[in-house]
file protein-v1.cif (mmCIF, C-alpha atoms)
data_input
#
loop_
_atom_site.label_atom_id
_atom_site.label_comp_id
_atom_site.auth_asym_id
_atom_site.auth_seq_id
_atom_site.Cartn_x
_atom_site.Cartn_y
_atom_site.Cartn_z
CA MET A 28 -21.07 -1.09 11.23
CA THR A 29 -18.83 -3.92 10.13
CA SER A 30 -18.41 -5.67 6.77
CA PHE A 31 -17.41 -8.88 8.57
CA ASP A 32 -20.55 -10.92 9.00
CA SER A 33 -19.45 -14.49 8.37
CA VAL A 34 -16.91 -16.98 9.65
CA GLU A 35 -16.11 -17.56 5.98
CA ASP A 36 -14.61 -14.09 5.54
CA LEU A 37 -11.03 -14.22 4.30
CA VAL A 38 -8.72 -11.25 3.83
CA LEU A 39 -6.00 -11.32 1.17
CA VAL A 40 -3.03 -9.06 1.91
CA ALA A 41 -0.75 -8.19 -1.01
CA GLY A 42 2.62 -6.77 -0.03
CA ALA A 43 2.34 -8.58 3.29
CA THR A 44 6.08 -8.81 3.95
CA GLY A 45 6.62 -5.06 3.49
CA GLY A 46 6.60 -2.48 6.27
CA VAL A 47 2.88 -1.64 6.27
CA GLY A 48 1.87 -5.12 5.14
CA GLN A 49 3.50 -6.84 8.11
CA LEU A 50 1.59 -4.61 10.48
CA VAL A 51 -1.68 -5.15 8.60
CA VAL A 52 -1.34 -8.94 8.87
CA GLY A 53 -0.52 -8.71 12.57
CA ASN A 54 -3.53 -6.47 13.18
CA LEU A 55 -5.88 -8.80 11.30
CA LEU A 56 -4.62 -11.83 13.21
CA GLU A 57 -4.98 -9.98 16.50
CA LYS A 58 -8.64 -9.41 15.67
CA GLY A 59 -9.08 -13.11 14.99
CA LEU A 60 -9.59 -12.73 11.24
CA LYS A 61 -8.55 -15.28 8.64
CA VAL A 62 -5.67 -14.06 6.48
CA ARG A 63 -4.14 -15.16 3.20
CA VAL A 64 -0.94 -13.47 2.09
CA LEU A 65 0.17 -13.05 -1.51
CA THR A 66 3.92 -13.40 -1.71
CA ARG A 67 6.74 -14.29 -4.09
CA ASN A 68 8.66 -15.91 -1.24
CA ALA A 69 6.69 -18.54 0.67
CA ALA A 70 9.56 -19.42 3.02
CA LYS A 71 9.96 -15.79 4.06
CA ALA A 72 6.24 -15.41 4.72
CA GLU A 73 6.05 -18.67 6.69
CA GLU A 74 8.89 -17.56 8.94
CA MET A 75 7.59 -14.02 9.35
CA PHE A 76 4.03 -15.00 10.27
CA ASN A 77 4.83 -18.21 12.12
CA ARG A 78 2.54 -20.27 9.87
CA ARG A 79 -0.54 -18.43 11.14
CA VAL A 80 -1.70 -17.41 7.66
CA GLU A 81 -2.60 -19.06 4.38
CA ILE A 82 0.10 -18.51 1.79
CA ALA A 83 -0.53 -17.94 -1.91
CA VAL A 84 2.58 -17.76 -4.05
CA GLY A 85 2.09 -15.15 -6.75
CA ASP A 86 3.06 -11.78 -8.14
CA ILE A 87 0.72 -8.90 -8.97
CA ARG A 88 2.88 -8.23 -12.03
CA GLN A 89 2.01 -11.71 -13.34
CA PRO A 90 -1.78 -11.97 -13.94
CA ALA A 91 -1.72 -15.74 -14.38
CA THR A 92 -0.61 -16.18 -10.75
CA LEU A 93 -3.53 -14.28 -9.26
CA PRO A 94 -6.79 -16.25 -9.76
CA THR A 95 -5.77 -18.94 -7.28
CA ALA A 96 -4.64 -16.31 -4.75
CA THR A 97 -7.94 -14.41 -4.93
CA GLN A 98 -10.25 -17.43 -4.92
CA ASP A 99 -12.86 -17.18 -2.15
CA VAL A 100 -11.41 -14.02 -0.59
CA THR A 101 -13.93 -11.50 0.71
CA HIS A 102 -11.57 -8.55 1.25
CA ILE A 103 -8.30 -7.44 -0.33
CA ILE A 104 -5.77 -5.07 1.24
CA ASN A 105 -3.08 -4.01 -1.22
CA CYS A 106 0.07 -2.70 0.46
CA THR A 107 2.42 -3.32 -2.46
CA GLY A 108 4.85 -0.69 -3.64
CA THR A 109 8.41 0.08 -4.63
CA THR A 110 10.73 3.04 -4.15
CA ALA A 111 9.91 6.40 -5.76
CA PHE A 112 13.43 6.68 -7.17
CA PRO A 113 15.55 4.04 -8.95
CA SER A 114 17.05 1.57 -6.49
CA ALA A 115 17.95 -2.10 -6.24
CA ARG A 116 14.27 -2.77 -5.55
CA TRP A 117 13.48 -1.76 -9.13
CA GLU A 118 15.20 -5.00 -10.22
CA PHE A 119 17.18 -3.63 -13.14
CA ASP A 120 18.61 -5.80 -15.87
CA GLN A 121 21.95 -6.92 -14.44
CA SER A 122 23.52 -7.09 -17.90
CA LEU A 123 23.63 -3.30 -18.30
CA ASN A 124 27.08 -1.81 -18.76
CA LEU A 125 28.29 1.25 -16.85
CA ILE A 126 27.19 3.77 -19.47
CA GLU A 127 23.76 2.15 -19.74
CA TRP A 128 23.42 2.27 -15.93
CA GLY A 129 24.16 6.00 -15.97
CA ILE A 130 21.64 6.70 -18.71
CA THR A 131 19.06 4.58 -16.94
CA PHE A 132 19.34 6.39 -13.60
CA LEU A 133 19.28 9.85 -15.20
CA ASN A 134 16.40 9.20 -17.59
CA PRO A 135 12.98 8.34 -16.14
CA LYS A 136 11.75 6.71 -19.36
CA SER A 137 14.90 4.64 -19.68
CA SER A 138 14.65 3.60 -16.03
CA GLU A 139 11.08 2.49 -16.50
CA ALA A 140 11.85 0.46 -19.60
CA LYS A 141 14.76 -1.41 -18.02
CA ALA A 142 13.25 -2.12 -14.59
CA LYS A 143 11.10 -5.10 -13.64
CA ASN A 144 9.77 -3.62 -10.40
CA SER A 145 9.21 0.07 -11.19
CA PRO A 146 6.20 2.07 -9.95
CA ALA A 147 4.45 1.70 -13.32
CA LYS A 148 4.77 -2.08 -13.19
CA VAL A 149 3.76 -2.34 -9.51
CA ASP A 150 1.46 0.57 -8.63
CA ALA A 151 -0.26 0.87 -12.00
CA GLN A 152 -0.23 -2.42 -13.90
CA GLY A 153 0.13 -4.63 -10.84
CA VAL A 154 -2.83 -3.06 -9.07
CA SER A 155 -4.88 -3.30 -12.26
CA ASN A 156 -4.02 -7.00 -12.50
CA LEU A 157 -5.13 -7.61 -8.91
CA VAL A 158 -8.38 -5.71 -9.46
CA ALA A 159 -9.12 -7.81 -12.54
CA ALA A 160 -8.55 -11.01 -10.55
CA ALA A 161 -10.69 -9.95 -7.58
CA PRO A 162 -14.01 -11.76 -7.02
CA ARG A 163 -16.92 -9.67 -8.25
CA ASN A 164 -18.67 -10.10 -4.90
CA LEU A 165 -15.69 -8.68 -3.00
CA LYS A 166 -16.75 -6.73 0.07
CA ARG A 167 -13.86 -4.24 0.00
CA PHE A 168 -10.66 -3.48 -1.90
CA VAL A 169 -8.26 -1.36 0.19
CA PHE A 170 -5.33 0.34 -1.53
CA VAL A 171 -2.43 2.16 0.12
CA SER A 172 -1.71 5.06 -2.23
CA SER A 173 0.01 8.38 -1.47
CA CYS A 174 -0.56 12.01 -0.66
CA GLY A 175 0.18 14.30 -3.61
CA ILE A 176 -1.75 12.43 -6.29
CA GLU A 177 -3.66 15.60 -7.13
CA ARG A 178 -0.69 17.94 -6.49
CA LYS A 179 1.92 16.41 -8.75
CA ASN A 180 2.93 19.79 -10.16
CA GLN A 181 3.49 21.29 -6.71
CA PHE A 182 6.62 21.08 -4.57
CA PRO A 183 7.62 18.69 -3.00
CA PHE A 184 5.36 16.27 -4.89
CA SER A 185 6.83 17.30 -8.24
CA ILE A 186 10.19 16.00 -6.98
CA LEU A 187 8.64 12.85 -5.55
CA ASN A 188 7.03 12.18 -8.92
CA ALA A 189 10.23 12.63 -10.93
CA PHE A 190 10.22 8.95 -11.88
CA GLY A 191 6.44 8.62 -12.03
CA VAL A 192 5.46 7.09 -8.70
CA LEU A 193 2.45 9.38 -8.22
CA ASP A 194 1.38 8.91 -11.84
CA ALA A 195 1.46 5.15 -11.26
CA LYS A 196 -0.42 5.36 -7.95
CA GLN A 197 -3.10 7.44 -9.65
CA LYS A 198 -3.54 4.86 -12.40
CA GLY A 199 -3.84 2.20 -9.71
CA GLU A 200 -6.51 4.24 -7.96
CA GLU A 201 -8.41 4.72 -11.22
CA SER A 202 -8.44 0.99 -11.96
CA ILE A 203 -9.97 0.35 -8.54
CA ILE A 204 -12.57 3.11 -8.78
CA ASN A 205 -13.60 2.12 -12.31
CA SER A 206 -13.93 -1.55 -11.37
CA GLY A 207 -17.23 -1.10 -9.57
CA LEU A 208 -15.87 -2.90 -6.51
CA PRO A 209 -16.41 -1.39 -3.04
CA TYR A 210 -13.13 0.29 -2.14
CA THR A 211 -11.21 2.44 0.32
CA ILE A 212 -8.15 4.33 -0.90
CA ILE A 213 -5.75 5.54 1.77
CA ARG A 214 -3.21 8.26 0.98
CA PRO A 215 -0.50 8.51 3.65
CA GLY A 216 2.23 11.12 3.81
CA ARG A 217 5.93 10.33 4.23
CA LEU A 218 6.02 7.00 6.02
CA ILE A 219 7.73 6.84 9.40
CA ASP A 220 8.04 4.19 12.15
CA GLY A 221 9.19 0.61 11.62
CA PRO A 222 9.30 -2.01 10.26
CA TYR A 223 11.96 -0.29 8.17
CA THR A 224 11.83 -1.64 4.64
CA SER A 225 12.12 1.46 2.46
CA TYR A 226 15.31 3.03 1.15
CA ASP A 227 15.23 6.63 2.36
CA LEU A 228 16.77 8.89 4.98
CA ASN A 229 13.90 8.21 7.36
CA THR A 230 14.83 4.54 7.36
CA LEU A 231 18.40 5.31 8.29
CA LEU A 232 17.39 7.64 11.10
CA LYS A 233 14.72 5.22 12.40
CA ALA A 234 12.29 8.07 12.96
CA LYS A 235 9.48 7.32 15.41
CA THR A 236 6.28 9.02 16.43
CA GLY A 237 6.54 7.49 19.90
CA GLY A 238 2.75 7.27 19.83
CA LYS A 239 2.45 10.93 20.75
CA TYR A 240 0.90 12.36 17.60
CA GLY A 241 -2.76 12.23 16.72
CA VAL A 242 -4.32 10.91 13.51
CA VAL A 243 -5.78 13.40 11.05
CA VAL A 244 -7.69 12.40 7.92
CA GLY A 245 -8.89 14.58 5.09
CA THR A 246 -10.18 14.56 1.54
CA GLY A 247 -9.29 16.49 -1.59
CA ASP A 248 -5.55 15.81 -1.28
CA THR A 249 -4.88 18.79 0.97
CA LEU A 250 -2.90 17.24 3.83
CA SER A 251 0.88 16.88 4.04
CA GLY A 252 3.28 15.53 6.62
CA ASP A 253 4.56 12.32 8.15
CA THR A 254 2.43 9.25 8.68
CA SER A 255 3.23 6.34 10.96
CA ARG A 256 3.20 2.95 9.24
CA ILE A 257 1.45 1.74 12.37
CA ASP A 258 -1.46 4.12 11.82
CA VAL A 259 -1.64 3.36 8.09
CA ALA A 260 -1.90 -0.34 8.91
CA ASN A 261 -4.55 0.36 11.54
CA ALA A 262 -6.53 2.41 9.02
CA CYS A 263 -6.35 -0.45 6.48
CA VAL A 264 -7.92 -2.86 8.95
CA GLU A 265 -10.31 -0.47 10.69
CA CYS A 266 -11.86 0.66 7.41
CA LEU A 267 -13.05 -2.91 6.87
CA LEU A 268 -14.89 -2.71 10.18
CA HIS A 269 -16.72 0.53 9.39
CA SER A 270 -19.11 0.91 6.46
CA SER A 271 -18.68 4.71 6.58
CA SER A 272 -15.27 4.28 4.95
CA SER A 273 -16.62 2.48 1.88
CA ARG A 274 -16.04 4.21 -1.48
CA LYS A 275 -13.91 6.85 0.20
CA ILE A 276 -10.50 8.28 -0.65
CA PHE A 277 -8.67 10.02 2.16
CA GLU A 278 -5.28 11.27 3.24
CA ILE A 279 -3.90 10.34 6.65
CA VAL A 280 -1.13 12.13 8.55
CA ASN A 281 0.04 12.40 12.15
CA GLN A 282 -0.51 15.79 13.75
CA GLY A 283 -1.40 17.22 17.14
CA GLN A 284 -1.62 15.46 20.47
CA ARG A 285 -2.64 11.82 20.45
CA PRO A 286 -5.81 10.96 22.38
CA PRO A 287 -5.96 7.89 24.64
CA ALA A 288 -7.64 5.99 21.79
CA ILE A 289 -8.18 6.69 18.10
CA ASN A 290 -11.90 6.78 17.26
CA TRP A 291 -11.87 5.47 13.70
CA GLU A 292 -15.64 5.59 13.30
CA THR A 293 -15.61 9.32 14.06
CA LEU A 294 -12.73 9.88 11.64
CA PHE A 295 -14.40 7.93 8.84
CA SER A 296 -17.83 9.44 9.42
CA GLY A 297 -16.37 12.92 8.94
CA LEU A 298 -15.14 12.16 5.43
CA GLU A 299 -16.98 13.95 2.63
#
call {"tool": "encode", "arguments": {"input": "protein-v1.cif", "output": "structure tokens"}}
result
Amino acid sequence: MTSFDSVEDLVLVAGATGGVGQLVVGNLLEKGLKVRVLTRNAAKAEEMFNRRVEIAVGDIRQPATLPTATQDVTHIINCTGTTAFPSARWEFDQSLNLIEWGITFLNPKSSEAKAKNSPAKVDAQGVSNLVAAAPRNLKRFVFVSSCGIERKNQFPFSILNAFGVLDAKQKGEESIINSGLPYTIIRPGRLIDGPYTSYDLNTLLKAKTGGKYGVVVGTGDTLSGDTSRIDVANACVECLLHSSSSRKIFEIVNQGQRPPAINWETLFSGLE
């Protein structure tokens, strides 16, 4: 049932200080699992996790920083990501003049070229770098992707993909699948519930599920809707505990009435 069979198991979480990542780390610690976080800011991670995790300073965009971070890990959960549309998180060149800023924000190709933290650099190249650095005997590589990967020409995903976020996520998925490593790829819908780290209207409104909506999973990229960060994080951890989720790609959204407990084994076993 579980892929955890040794006290030597160690889970690396990339994107650990983000919204989903924080919850993933907390969930792993609650289950008594050993955690290493990959972060660019060691002080921030130490404060956030109260020194309960190993800290590896590195950046998925910088391949040379990754071998030390991935040494001896048995599982990797990748929760990294950036905004779908140009924002401060894209880390643009601060030397751009006003005209160049305007051109950059109106032109997807220009935005990509002038940003250090765009989807292509994080969700495509960054994921590929992390896959390349992963131990070949890794037990599972979990990647938080997105609904709409296979519906990029359909509304509203065509709008979401205006600056290439779904294209980048798809390339990240492909690098994982083609690696030969055991994997689980999770495709949530529009993320809701805190921690609030993204730059969108949902963040401003602090939308919550209140724990009243059920969890629905599906394959073939057919589901749409909102997905609680809490449930995405739970799925990331639970899939490591259930072999039926290995080498599976699935969407996850919140719909219907929530049962007293989510039966993840039943959900995973129903995946085609």
call {"tool": "residues_around", "arguments": {"input": "protein-v1.cif", "residues": "Val171 of chain A", "least_positions_apart": "4", "cutoff": "9 Å", "atoms": "all atoms listed in the file", "output": "JSON list (two decimals) with C-alpha atoms, keeping the file's coordinate frame"}}
result
[["chain", "number", "residue", "atom", "x", "y", "z"],
["A", 47, "VAL", "CA", 2.88, -1.64, 6.27],
["A", 104, "ILE", "CA", -5.77, -5.07, 1.24],
["A", 105, "ASN", "CA", -3.08, -4.01, -1.22],
["A", 106, "CYS", "CA", 0.07, -2.70, 0.46],
["A", 107, "THR", "CA", 2.42, -3.32, -2.46],
["A", 108, "GLY", "CA", 4.85, -0.69, -3.64],
["A", 196, "LYS", "CA", -0.42, 5.36, -7.95],
["A", 211, "THR", "CA", -11.21, 2.44, 0.32],
["A", 212, "ILE", "CA", -8.15, 4.33, -0.90],
["A", 213, "ILE", "CA", -5.75, 5.54, 1.77],
["A", 214, "ARG", "CA", -3.21, 8.26, 0.98],
["A", 215, "PRO", "CA", -0.50, 8.51, 3.65],
["A", 259, "VAL", "CA", -1.64, 3.36, 8.09],
["A", 263, "CYS", "CA", -6.35, -0.45, 6.48]]
call {"tool": "resolve_selection", "arguments": {"input": "protein-v1.cif", "expression": "the PyMOL selection byres ((chain A and resi 206) around 12)", "output": "ChimeraX atom specification"}}
result
/A:154-165,167-168,199-205,207-210,274
call {"tool": "residues_around", "arguments": {"input": "protein-v1.cif", "residues": "Glu73 of chain A", "least_positions_apart": "6", "cutoff": "10 Å", "atoms": "all atoms listed in the file", "output": "ChimeraX atom specification"}}
result
/A:64,79-82
call {"tool": "residues_around", "arguments": {"input": "protein-v1.cif", "residues": "Gly59 of chain A", "least_positions_apart": "2", "cutoff": "12 Å", "atoms": "all atoms listed in the file", "output": "list in words"}}
result
Phe31, Val34, Asp36, Leu37, Val38, Val52, Gly53, Asn54, Leu55, Leu56, Glu57, Lys61, Val62, Arg79, Val80 and Val264 of chain A
call {"tool": "atom_distance", "arguments": {"input": "protein-v1.cif", "atom1": "atom CA of Ser145 of chain A", "atom2": "atom CA of Phe277 of chain A"}}
result
24.4 Å
call {"tool": "closest_residue", "arguments": {"input": "protein-v1.cif", "among": "A:Lys198, A:Arg178, A:Arg116, A:Lys275", "to": "Ala147 of chain A", "atoms": "all atoms listed in the file"}}
result
A:Lys198
call {"tool": "residues_around", "arguments": {"input": "protein-v1.cif", "residues": "Phe112 of chain A", "least_positions_apart": "4", "cutoff": "8 Å", "atoms": "all atoms listed in the file", "output": "number ranges by chain"}}
result
A: 187, 189-190
call {"tool": "closest_residue", "arguments": {"input": "protein-v1.cif", "among": "A:Leu50, A:Val192, A:Ile289, A:Cys174", "to": "Thr254 of chain A", "atoms": "all atoms listed in the file"}}
result
A:Cys174
call {"tool": "residues_around", "arguments": {"input": "protein-v1.cif", "residues": "Ser255 of chain A", "least_positions_apart": "6", "cutoff": "7 Å", "atoms": "only C-alpha atoms", "output": "ChimeraX atom specification"}}
result
/A:218-220,236,281
call {"tool": "atom_distance", "arguments": {"input": "protein-v1.cif", "atom1": "atom CA of Gly48 of chain A", "atom2": "atom CA of Gly247 of chain A"}}
result
25.2 Å
call {"tool": "resolve_selection", "arguments": {"input": "protein-v1.cif", "expression": "the PyMOL selection byres ((chain A and resi 238-241) around 7)", "output": "mmCIF file with C-alpha atoms, in the frame of the given file"}}
result
data_model
loop_
_atom_site.group_PDB
_atom_site.id
_atom_site.type_symbol
_atom_site.label_atom_id
_atom_site.label_comp_id
_atom_site.auth_asym_id
_atom_site.auth_seq_id
_atom_site.Cartn_x
_atom_site.Cartn_y
_atom_site.Cartn_z
ATOM 1 C CA THR A 236 6.280 9.020 16.430
ATOM 2 C CA GLY A 237 6.540 7.490 19.900
ATOM 3 C CA VAL A 242 -4.320 10.910 13.510
ATOM 4 C CA VAL A 243 -5.780 13.400 11.050
ATOM 5 C CA ASN A 281 0.040 12.400 12.150
ATOM 6 C CA GLN A 282 -0.510 15.790 13.750
ATOM 7 C CA GLY A 283 -1.400 17.220 17.140
ATOM 8 C CA GLN A 284 -1.620 15.460 20.470
ATOM 9 C CA ARG A 285 -2.640 11.820 20.450
ATOM 10 C CA PRO A 286 -5.810 10.960 22.380
#
call {"tool": "closest_residue", "arguments": {"input": "protein-v1.cif", "among": "A:Ala72, A:Ala91, A:Val51, A:Ala111", "to": "Ile257 of chain A", "atoms": "all atoms listed in the file"}}
result
A:Val51
call {"tool": "atom_distance", "arguments": {"input": "protein-v1.cif", "atom1": "atom CA of Thr110 of chain A", "atom2": "atom CA of Pro146 of chain A"}}
result
7.4 Å
call {"tool": "resolve_selection", "arguments": {"input": "protein-v1.cif", "expression": "the PyMOL selection byres ((chain A and resi 66) around 9)", "output": "PyMOL selection string"}}
result
chain A and resi 40-44+64-65+67-69+71-72+82-86
call {"tool": "closest_residue", "arguments": {"input": "protein-v1.cif", "among": "A:Trp291, A:Asn77, A:Ser271, A:Ala142", "to": "Pro113 of chain A", "atoms": "only C-alpha atoms"}}
result
A:Ala142
call {"tool": "closest_residue", "arguments": {"input": "protein-v1.cif", "among": "A:Ser296, A:Asn144, A:Gln49, A:Thr246", "to": "Ala260 of chain A", "atoms": "only C-alpha atoms"}}
result
A:Gln49
